[in-house]
Each structure stands twice: as C-alpha cells, then as structure tokens.
Number of protein chains: 2
Amino acid sequence: MTILRQPTRAGVRDAAAKLAAVVPPTPIFVHEIKGVAVTFKAESLQPMGAFKLRGAWHRLTAIEPAQRARGVVAFSSGNHAQGVAWTARRLGMPAVIVMPADAPRVKRESTLAMGAEVVDYDRATESREKIAAHLAHSRGAVLVPSFDDPWVIEGQGSAGIEAAEQMRAMGLGLPAHVVTPCGGGGLAAGLALALPDARVTVVEPEGWDDMRRSLDAGWIEPVGADAPPTACDSLQTKEVSPLTFEVLARRGATGVAVSEMQVREAQRWAARHLRLVVEPGGAVALAALLGGQVPVEPGMLVILSGGNVDPDAYAGVLAGEIMQRAHETI
Amino acid sequence: MTILRQPTRAGVRDAAAKLAAVVPPTPIFVHEIKGVAVTFKAESLQPMGAFKLRGAWHRLTAIEPAQRARGVVAFSSGNHAQGVAWTARRLGMPAVIVMPADAPRVKRESTLAMGAEVVDYDRATESREKIAAHLAHSRGAVLVPSFDDPWVIEGQGSAGIEAAEQMRAMGLGLPAHVVTPCGGGGLAAGLALALPDARVTVVEPEGWDDMRRSLDAGWIEPVGADAPPTACDSLQTKEVSPLTFEVLARRGATGVAVSEMQVREAQRWAARHLRLVVEPGGAVALAALLGGQVPVEPGMLVILSGGNVDPDAYAGVLAGEIMQRAHETI
C-alpha cells in the first residue's frame with residue numbers, strides 16, 4: 001500500500017472523538033507494584049477483547065461512502081481480524097478475513113460470529129499477502145493493514161487520549177511514562193502521538209524484540225530467523241513498518257524484552273490482583289514492571305492490550321501457579 | 001445486634017453519593033445472551049474484588065468520630081473481611097477480623113496486607129460470633145455484620161444506583177429486571193431499594209437456596225442440614241436476616257437455584273466473553289441466564305458480585321473446558 005501521509009496527533013484526537021461516540025472508554029485501574037501506584041488501561045475489556053477496533057474504526061470510517069459497499073479485506077488470525085470484522089458489521093460493510101486453514105477454532109468461530117467471510121490459505125504453500133491483495137483488487141475492496149497505515153496508527157492512539165482524560169478526572173495527573181506491548185508498533189506509535197509529554201517504552205517477547213533493536217540501531221531490523229516460540233501470538237510480527245518506527249524513533253522511545261516465564265507470571269498477577277483475563281501478548285508491559293526491566297516510578301500508564309486467550313492454554317498458565325506454590329513449600 | 005431502623009431508599013442514595021467520592025463506578029458491559037443484549041455490572045472489579053466495600057464504607061462512615069479510634073470487628077474469611085479491612089485502612093481505623101484458623105492462606109494474606117489484625121478461631125470448638133462479640137465489647141469497637149444491618153444493606157444497594165445511571169448514560173434505559181447473587185441478601189435487598197421499578201430475582205446455589213424458599217413460603221427458612229458442598233464460598237449463609245428478607249418479600253422478589261456445573265460454565269463464559277475473572281458465588285446470576293432458570297429478556301441487569309478466586313480452583317474450572325471439548329469431539 002502506498003503511504004499517502006504521516007499519522008498526526010490531530011488525527012489521533014479526531015480518532016478519539018469518533019471512538020467516544022461508539023464505545024465507552026475502557027476502564028482504568030490503579031494498583032500498587034513494589035509500593036508505587038501504577039495506572040492500568042484495560043483494553044482487554046473492549047467488546048471484541050482488544051484495542052484493535054480503534055484503528056479499524058478510524059480507518060473504515062475514512063472510506064468514501066461510495067466505496068463502502070465493496071467492503072474491506074484483512075489478513076490476520078487474531079485481534080486485528082476481529083477488530084475489522086466488528087467494525088465492518090457495525091458500519092454495514094462486507095468484510096473478508098484471510099486466515100490460515102489451521103487457525104485455532106475459537107478464533108475462526110469468533111470472526112464468523114461477527115459476520116465476516118473467512119477465506120482460508122495454506123501457511124506452507126500460499127502467501128496471505130498475495131491472496132488478500134488479489135481479493136481486494138478483484139472485489140474493489142479496501143485492504144486494511146494491521147499497523148502499517150496512518151489511520152490505523154491514529155486510531156490505536158485514541159487509547160492514550162482516553163487514558164489521559166481518565167487519569168486527569170481521577171486526580172492522577174497526566175501519564176509521565178507509558179509502557180505498552182509492541183507487535184508491529186501501531187499501538188505504541190499511536191500512544192506516542194497521543195501523549196507527547198510522556199516517556200514511551202515498548203515491550204516485546206524475547207527474540208521478537210525487533211522494535212527494541214531497531215530503536216537502538218536507528219534503522220529497521222527484522223526479527224531473527226532463530227526467534228524462539230512464544231505464547232504472545234499477537235506480537236509475532238516479523239518486521240515493523242517505517243511508519244511506526246519513525247514515530248517512535250522521533251520520540252526517543254526505547255524498548256525492553258520479557259521472557260515467556262515473566263509473561264505467564266504477569267497473566268497470573270492480573271487474574272489475581274486485577275481480576276482480569278489478559279492474553280500473553282497483552283500482558284508483556286505488566287511483565288516488564290514485575291520483572292524489573294522497567295523500574296516502577298510514579299505516573300506510569302501500563303497498557304493491557306488484549307484478553308483473547310486460548311482457554312486451554314490460559315488454564316495451563318493459571319495452573320502453573322499450583323506448581324510454583326508446591327515448589328515454594330518444599 | 002439491635003436493629004435500630006429499617007434500610008431505606010434515601011439511605012441507598014446517600015450511600016451512593018458517599019461511594020462516588022471514594023471509588024470510581026465499576027464498569028458495566030453489554031453482551032448478548034441467546035440473542036438478547038444483557039447488561040453486566042462488574043463488581044468483581046472493585047479494588048478489593050467485590051461489592052462488599054460499599055456496605056462497609058457506608059457503615060464505618062456512620063460511626064461517630066469519637067468512636068472511630070476504637071475501631072471495628074468483623075467475622076468473615078472472605079469478601080466481607082476484605083471490604084471492612086479496605087475501608088478501615090482508608091479511614092485510618094483499626095480493624096480486627098475473626099477468621100477460622102484453617103482459612104485459605106491467600107485470604108489471610110490479603111486481609112493482613114490491607115492492614116487488619118487477624119484473630120483465629122477453631123471452627124470445630126469455638127463460636128466466631130461469641131469471639132467477635134467479646135472482642136467488640138472488650139475494645140469498645142463496633143461489630144460490623146456482613147448483611148444484617150441497615151447501613152450495610154443501603155451501602156450494597158449503591159451498586160444499583162450506579163448501574164442505573166450508567167445504563168441511562170449509555171442509552172440503555174433503566175433496568176427492568178435485576179438478577180443478583182444472594183448469600184445473606186444484603187446486596188439483593190439493597191438493589192431492591194435502589195431500583196424500585198425493577199423486577200428482582202435472587203440466585204443461590206442448589207441446596208443453599210434458603211432465600212428462594214423463604215420468599216416462596218412467606219417466612220424465613222434456614223438452609224437444610226443436608227446442604228451439599230458448594231464452590232460458592234461467598235454464598236454459604238445458613239440463614240438470611242429479617243431485615244433482608246422483609247425488603248425482598250415486600251418487593252415481590254423471587255429466587256432460583258443453579259447447579260455447581262452451571263456455576264462453572266458461567267465462570268468459563270465470563271472469562272471467554274467478558275475477559276473477567278469471576279468467583280463462583282459471583283457468577284450465579286449469570287449462570288441462571290445461561291442455564292435457563294431465568295429467561296433472557298430486554299432490559300436485564302446482571303450483577304457479577306466478586307472476583308476473588310482461589311487460583312488453583314479457578315485453573316481447574318477453566319481446565320474443565322478442555323475436558324468438555326474433548327468430550328464434544330468424541
């Protein structure tokens with residue numbers, strides 16, 4: 001897709017105003033970590049379980065009315081698919097989601113339940129990018145990228161405008177430091193635009209910390225071929241986009257990486273202390289505070305970006321606490 | 001304790017105004033069940049994980065300033081203890097919680113972490129009522145009952161005022177029918193006072209449905225000696241109080257009972273569709289809608305009253321889904 005423009009703070013504010021008319025603000029919660037009060041923004045409590053409807057809403061509503069009937073195409077087996085499907089249904093637009101044939105049943109069912117058409121592809125032999133581009137071309141539909149798009153970035157950033165307003169209303173002051181999960185960087189870049197006075201830290205799973213390495217290097221570095229398996233399915237992006245990278249680099253954002261064990265620990269902490277179901281990729285920012293990669297200080301805003309867990313895997317994560325406790329008492 | 005007055009709707013409104021200055025409203029969520037939009041009030045997202053701080057706040061702030069330094073006493077191993085401890089700490093009052101010596105470690109730790117003193121008793125040989133009464137007398141402290149108290153009932157009812165305001169602000173209209181978990185009936189009676197135009201249904205675990213039987217009979221009937229084990233630890237009240245019973249009977253409230261399997265199914269549903277951790281007793285109202293005991297109709301308000309799960313047991317509940325799915329595919 002040709003990039004026609006850069007995302008802007010004005011665009012983020014516009015997105016926030018649009019979103020405010022559609023979904024209520026996701027709640028914020030204050031809880032102490034290491035004796036310091038930390039504010040959490042629970043994007044996991046969006047109707048489709050993640051922040052992704054923000055970017056989708058801002059993008060789809062920017063499509064010319066005459067074009068809308070031809071619909072949208074997205075490729076994703078996860079939260080972006082559901083964000084696009086949720087938005088398209090609300091706007092009465094057809095949506096096609098290109099999804100691997102072996103995607104988890106629960107994700108396929110959720111996407112179908114939101115009224116989208118699902119087109120399968122074979123992970124081993126086919127390219128989802130090509131299939132999606134072909135579908136968009138043949139139907140005259142708009143392809144909606146999951147992060148490499150100015151509208152999508154601005155839409156995700158609306159979470160930051162919302163959180164700042166909520167913190168002010170609760171007498172918590174403006175966020176001094178926002179810590180956020182990072183896949184392709186759409187949410188992180190949007191937050192950086194939304195909160196021009198806050199320090200920005202992006203968090204990724206170990207081995208998938210290409211944004212961290214890119215920000216350190218000053219140019220885009222893709223994920224290594226030796227990246228280990230991760231439970232953070234929503235953060236497995238192979239390469240960030242110039243658009244998201246440049247916004248974050250310009251703001252002096254930095255990154256840290258967390259281990260799989262730290263992610264599981266953060267999911268358990270969120271269930272116990274916040275009573276929230278948070279998916280692995282949604283818990284990495286919290287994991288970085290608990291794990292010590294990001295020192296806890298006053299004025300922190302931590303994004304819990306999604307809550308769409310695989311039920312089996314999530315039960316296993318919580319059951320991990322049993323093993324750990326048994327170990328403690330030995 | 002001598003009952004000095006009846007709880008009133010004016011008292012509930014007063015409690016709601018007091019609470020609004022202390023904690024933000026717990027969020028409401030709208031989700032379809034059987035094709036009908038249902039509103040959920042997530043009291044599980046209170047800072048201490050349940051609605052109980054409402055009653056405690058309204059009760060403790062009604063104590064004369066000169067009396068406050070002598071503190072409060074409560075007996076409970078659960079959410080009431082934490083509600084009283086949380087409130088006492090915020091008000092700078094000493095709190096003593098009488099708790100069985102074999103109470104779960106996590107509950108004892110939470111209560112201690114909130115700054116309360118814990119006094120143990122032996123479930124087999126001692127009476128917690130007597131110990132608490134003795135403590136209150138010897139220290140000149142105020143005994144705070146978990147439901148048999150007009151302030152406590154009014155305080156719990158503030159959740160209903162809050163939910164009605166939130167529903168109106170979101171264009172959902174006023175609640176036509178409130179469905180709520182019921183232990184001693186403090187929350188249910190408070191909601192009945194808060195929402196004078198709504199139908200009221202209370203939900204209890206099978207065998208512990210003494211409020212349902214009492215409302216059917218027209219007089220108070222205690223729980224049978226043969227009541228089966230239940231995971232709903234927060235609803236194991238042996239006998240409701242005249243105060244809560246009379247409010248509910250006057251309003252024509254009715255009750256239903258749900259099975260243990262339905263409670264587990266409701267906990268899984270809440271984790272998957274609302275991304276909320278809900279404790280067994282907090283999920284019974286939802287269970288009654290999913291299970292069909294309460295037909296789903298427009299304008300329903302369903303209370304999710306608490307989210308303080310035992311981590312091991314909760315992992316087992318979620319893992320149940322694995323077994324169930326495996327069974328489905330056979």
# chains A, B, ... in the order shown; residues from 1 in each chain; ligands from 1
$ closest_atom_pairs --of "chain A" --to "chain B" --cutoff "8 Å" --atoms "only C-alpha atoms" --output "Markdown table"
| residue | atom | partner | partner_atom | distance |
| --- | --- | --- | --- | --- |
| A:Pro27 | CA | B:Pro27 | CA | 6.7 |
| A:Ser44 | CA | B:Arg275 | CA | 6.9 |
| A:Leu45 | CA | B:Arg275 | CA | 6.6 |
| A:Pro47 | CA | B:Leu274 | CA | 7.9 |
| A:Gly49 | CA | B:Arg275 | CA | 7.2 |
| A:Ala271 | CA | B:Val277 | CA | 6.4 |
| A:Arg272 | CA | B:Asn308 | CA | 7.3 |
| A:Leu274 | CA | B:Leu45 | CA | 6.9 |
| A:Arg275 | CA | B:Val277 | CA | 4.9 |
| A:Leu276 | CA | B:Leu276 | CA | 5.0 |
| A:Val277 | CA | B:Arg275 | CA | 4.8 |
| A:Val278 | CA | B:Arg275 | CA | 7.3 |
| A:Gly307 | CA | B:Arg275 | CA | 5.8 |
| A:Asn308 | CA | B:Arg272 | CA | 7.3 |
| A:Val309 | CA | B:Arg272 | CA | 7.5 |
| A:Pro311 | CA | B:Leu318 | CA | 6.8 |
| A:Asp312 | CA | B:Ile322 | CA | 5.9 |
| A:Tyr314 | CA | B:Leu318 | CA | 7.8 |
| A:Ala315 | CA | B:Ala315 | CA | 5.0 |
| A:Gly316 | CA | B:Ala315 | CA | 7.2 |
| A:Leu318 | CA | B:Ala315 | CA | 5.3 |
| A:Ala319 | CA | B:Ala315 | CA | 5.2 |
| A:Glu321 | CA | B:Asp312 | CA | 7.3 |
| A:Ile322 | CA | B:Asp312 | CA | 5.9 |
$ select_by_dssp --residues "region 60-285 of chain B" --states "helix (DSSP H, G or I)" --output "MDAnalysis selection string"
chainID B and resid 60 65:68 79:91 105:113 128:139 150:169 186:194 210:217 233:235 242:250 260:274 281:285
$ atom_distance --atom1 "CA of Ala85 (chain A)" --atom2 "CA of Ala163 (chain A)"
24.9 Å
$ residues_around --residues "region 148-158 of chain B" --least-positions-apart "5" --cutoff "7 Å" --atoms "only C-alpha atoms" --output "number ranges by chain"
B: 5-8, 11-13, 15-16, 51-52, 54-56, 58-59, 186-187, 189-191, 193-194, 241, 243
$ closest_residue --among "A:Gly299, A:Pro104, A:Gly207, A:Gly291" --to "Glu265 (chain A)" --atoms "only C-alpha atoms"
A:Gly291
$ select_by_dssp --residues "region 57-136 of chain A" --states "strand (DSSP E)" --output "list in words"
Val72, Val73, Ala74, Phe75, Ala95, Val96, Ile97, Val98, Met99, Pro100, Glu117, Val118, Val119, Asp120 and Tyr121 of chain A
$ closest_residue --among "A:Ala88, A:Met261, A:Ala283, A:Ala253" --to "Glu204 (chain A)" --atoms "only C-alpha atoms"
A:Ala283
$ residues_around --residues "Arg90 (chain A)" --least-positions-apart "2" --cutoff "12 Å" --atoms "only C-alpha atoms" --output "list in words"
Val22, Val23, Leu53, Ala56, Trp57, Leu60, Thr61, Gly83, Val84, Ala85, Trp86, Thr87, Ala88, Gly92, Met93, Pro94, Ala95, Met114, Gly115 and Ala116 of chain A
$ atom_distance --atom1 "CA of Leu174 (chain A)" --atom2 "CA of Arg212 (chain A)"
25.0 Å
$ atom_distance --atom1 "CA of Arg139 (chain A)" --atom2 "CA of Val96 (chain A)"
10.3 Å
$ closest_residue --among "B:Thr254, B:Gln82, B:Gln166, B:Thr201" --to "Val98 (chain B)" --atoms "only C-alpha atoms"
B:Gln82
$ closest_residue --among "B:Ala74, B:Val179, B:Val247, B:Ala20" --to "Leu301 (chain B)" --atoms "only C-alpha atoms"
B:Val179
$ decode --residues "region 2-40 of chain A" --atoms "C-alpha atoms" --output "mmCIF file, in the first residue's frame"
data_model
loop_
_atom_site.group_PDB
_atom_site.id
_atom_site.type_symbol
_atom_site.label_atom_id
_atom_site.label_comp_id
_atom_site.auth_asym_id
_atom_site.auth_seq_id
_atom_site.Cartn_x
_atom_site.Cartn_y
_atom_site.Cartn_z
ATOM 1 C CA THR A 2 1.295 3.445 -0.849
ATOM 2 C CA ILE A 3 1.631 5.631 2.208
ATOM 3 C CA LEU A 4 -0.158 8.848 1.423
ATOM 4 C CA ARG A 5 0.540 10.700 4.639
ATOM 5 C CA GLN A 6 2.136 10.561 8.089
ATOM 6 C CA PRO A 7 -0.018 9.893 11.163
ATOM 7 C CA THR A 8 -0.513 13.011 13.288
ATOM 8 C CA ARG A 9 -1.581 13.989 16.777
ATOM 9 C CA ALA A 10 -4.554 15.834 15.264
ATOM 10 C CA GLY A 11 -5.533 12.556 13.622
ATOM 11 C CA VAL A 12 -5.314 10.770 16.955
ATOM 12 C CA ARG A 13 -7.573 13.366 18.567
ATOM 13 C CA ASP A 14 -10.021 13.005 15.680
ATOM 14 C CA ALA A 15 -9.994 9.232 16.144
ATOM 15 C CA ALA A 16 -10.613 9.620 19.889
ATOM 16 C CA ALA A 17 -13.667 11.792 19.217
ATOM 17 C CA LYS A 18 -15.025 9.245 16.733
ATOM 18 C CA LEU A 19 -14.449 6.322 19.092
ATOM 19 C CA ALA A 20 -16.083 8.130 22.018
ATOM 20 C CA ALA A 21 -19.359 8.051 20.079
ATOM 21 C CA VAL A 22 -19.155 4.305 19.510
ATOM 22 C CA VAL A 23 -17.688 2.526 22.542
ATOM 23 C CA PRO A 24 -17.432 3.611 26.192
ATOM 24 C CA PRO A 25 -13.898 4.269 27.484
ATOM 25 C CA THR A 26 -12.244 1.074 28.665
ATOM 26 C CA PRO A 27 -11.761 1.302 32.433
ATOM 27 C CA ILE A 28 -8.505 2.253 34.111
ATOM 28 C CA PHE A 29 -7.423 0.666 37.377
ATOM 29 C CA VAL A 30 -4.852 1.762 39.919
ATOM 30 C CA HIS A 31 -2.835 -0.908 41.730
ATOM 31 C CA GLU A 32 0.459 -0.797 43.600
ATOM 32 C CA ILE A 33 3.553 -2.564 42.286
ATOM 33 C CA LYS A 34 6.567 -2.516 44.606
ATOM 34 C CA GLY A 35 4.784 0.115 46.693
ATOM 35 C CA VAL A 36 4.156 2.526 43.815
ATOM 36 C CA ALA A 37 0.671 3.215 42.411
ATOM 37 C CA VAL A 38 0.501 2.228 38.725
ATOM 38 C CA THR A 39 -2.387 3.003 36.348
ATOM 39 C CA PHE A 40 -3.569 0.213 34.039
#
